[in-house]
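Novice: Take a look at the following structure, please.
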Amino acid sequence: METNTMYLVLAALFVAVFGFVYGVGGFLLRGRGVRGRLQEVVGRSALEGAADVPQWRTRVARAAGPMAKLAAPKKDEEIGRIRAKFMNAGFRDESAPIIYFAAKALLAVAFPVALLLFTGVRNWEGNEPMLALLAAAAFGYYLPNGVLARLTEMRQRELFEAFPDALDLMIVCVESGLSLDAAIARTASEIHVRSPKLSEELTLVGLELRLGATRERALRNLAARTGLDEISSFVAMMLQADRFGTSIGDSMRVQADALRVRRRQRAEEQAAKIPLKMLFPLIFCIFPSLLLVLMGPAMIQIYRILLPTMGGG
């Protein structure tokens, strides 16, 4: 009877979670099916994409405001550091930090509650229940940090891999007679096929230049938004070439060659780590199965024939 009750509770929990996820997904992606595919085919400028802020995000940020205050930092230095992390991850909306801190506070409470309701932690003895609840709360609190760091890493990796190709396009544009500002705008439109994120960043640089910002300010903002050392070195090189009057095309060609070498070295480094990463799956997953397949029939024959013979049977 208890087993049937447990199965019913698990089935009800599965239906509830599935319905919640399906409803939230349908609400968030409502009306974006055909429209999103058309936007991918036709294309859309970064300015239009930034101006079209979904209403649900504003509502969620407004509802999560009181809860976000529980986990939000108080010092200005920490707030500036967190804003830089969000810029590196590609989140420029003002509601992103509010949702982030609200998620930290909510998960820090939800994980211990789920642990109490769906596990037998209450039946443990000593200080083990308290330690388990503290561990669950810490895991829920720091889980958004790991997600944000992973998103930042993926974005920076895409920017790093596509940036040498963008530099090649800039070199072609500059050597064909375009100015640097026009070369950046042209590269932003052409590199979209290779990397939409890099195209968005270069489009923002072009928009800043059009609005009257200096080239130094626009390039430094690019380095701050991406958080990549390679782009920071490129910005420093461009500012030095502009200040001392050296050839911009030659400077970009040297920088592109250096970035291409660095990209190849990073790929070789990742390839060199493959044998070490494959070692543990081989030891714990493949080798036992292989030994079972190879030695299994022999062990069965030994058990059936040799052991009775040695025992005198």
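Residues are named by chain letter and number: chains run A, B, ... in the order of the structure tokens, numbers start at 1 in each chain, and ligands are numbered from 1 in the order shown.
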Write out as a list in words which residues come within 7 Å of range 151-154 of chain A when counting only C-alpha atoms, dropping same-chain ones fewer than 3 positions away.
Specialist: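 The residues that qualify are Asn88, Ala89, Val147, Leu148, Arg157 and Glu158 of chain A.
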Novice: Could you save the residues just selected, with N, CA and C atoms, as a tab-separated table (two decimals), in the first residue's frame?
Specialist:
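This is the output file part26.tsv:
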```tsv
chain	number	residue	atom	x	y	z
A	88	ASN	N	29.73	40.98	-19.66
A	88	ASN	CA	30.54	39.94	-20.30
A	88	ASN	C	29.70	38.75	-20.75
A	89	ALA	N	28.60	38.49	-20.02
A	89	ALA	CA	27.72	37.39	-20.40
A	89	ALA	C	26.71	37.78	-21.48
A	147	VAL	N	26.00	29.21	-13.26
A	147	VAL	CA	25.31	29.36	-14.55
A	147	VAL	C	25.81	30.61	-15.27
A	148	LEU	N	25.95	31.71	-14.53
A	148	LEU	CA	26.44	32.96	-15.14
A	148	LEU	C	27.87	32.81	-15.63
A	157	ARG	N	34.28	32.49	-25.47
A	157	ARG	CA	34.93	31.54	-26.37
A	157	ARG	C	34.50	31.79	-27.82
A	158	GLU	N	33.21	32.05	-28.03
A	158	GLU	CA	32.75	32.35	-29.39
A	158	GLU	C	33.37	33.64	-29.91
```
Novice: Quick one: everything within 10 Å of Gly90 in chain A, counting only C-alpha atoms, minus sequence neighbours fewer than 6 positions away in the same chain. Send it as a PyMOL selection string.
Specialist: chain A and resi 84+151-152+155-156+197+200-201+225-226
Novice: Could you save the residues just selected, with C-alpha atoms, as a PDB file, in the first residue's frame?
Specialist:
```pdb
ATOM      1  CA  ALA A  84      30.673  43.887 -15.530  1.00  0.00           C
ATOM      2  CA  LEU A 151      27.325  31.563 -20.025  1.00  0.00           C
ATOM      3  CA  THR A 152      30.176  34.066 -19.855  1.00  0.00           C
ATOM      4  CA  ARG A 155      30.187  33.790 -25.030  1.00  0.00           C
ATOM      5  CA  GLN A 156      33.852  34.710 -24.631  1.00  0.00           C
ATOM      6  CA  LYS A 197      27.470  37.900 -30.825  1.00  0.00           C
ATOM      7  CA  GLU A 200      26.298  42.637 -32.169  1.00  0.00           C
ATOM      8  CA  GLU A 201      29.344  43.981 -30.334  1.00  0.00           C
ATOM      9  CA  ARG A 225      31.829  44.578 -22.596  1.00  0.00           C
ATOM     10  CA  THR A 226      33.641  41.492 -23.838  1.00  0.00           C
TER      11      THR A 226
END
```
Novice: Please, what distance in Å, to one decimal, runs between CA of Ala96 in chain A and CA of Ile79 in chain A?
Specialist: 12.8 Å
Novice: Apply DSSP to the structure's backbone, then extract all residues of range 51-276 of chain A labelled alpha helix (DSSP H) and return them as a ChimeraX atom specification.
Specialist: /A:51,55-68,76-89,95-118,128-175,180-190,196-210,215-226,229-244,248-272,274-276
Novice: In Å to one decimal, how far is CA of Ser176 in chain A from CA of Arg253 in chain A?
Specialist: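 Atom-to-atom, CA of Arg253 in chain A to CA of Ser176 in chain A, that is 14.2 Å.
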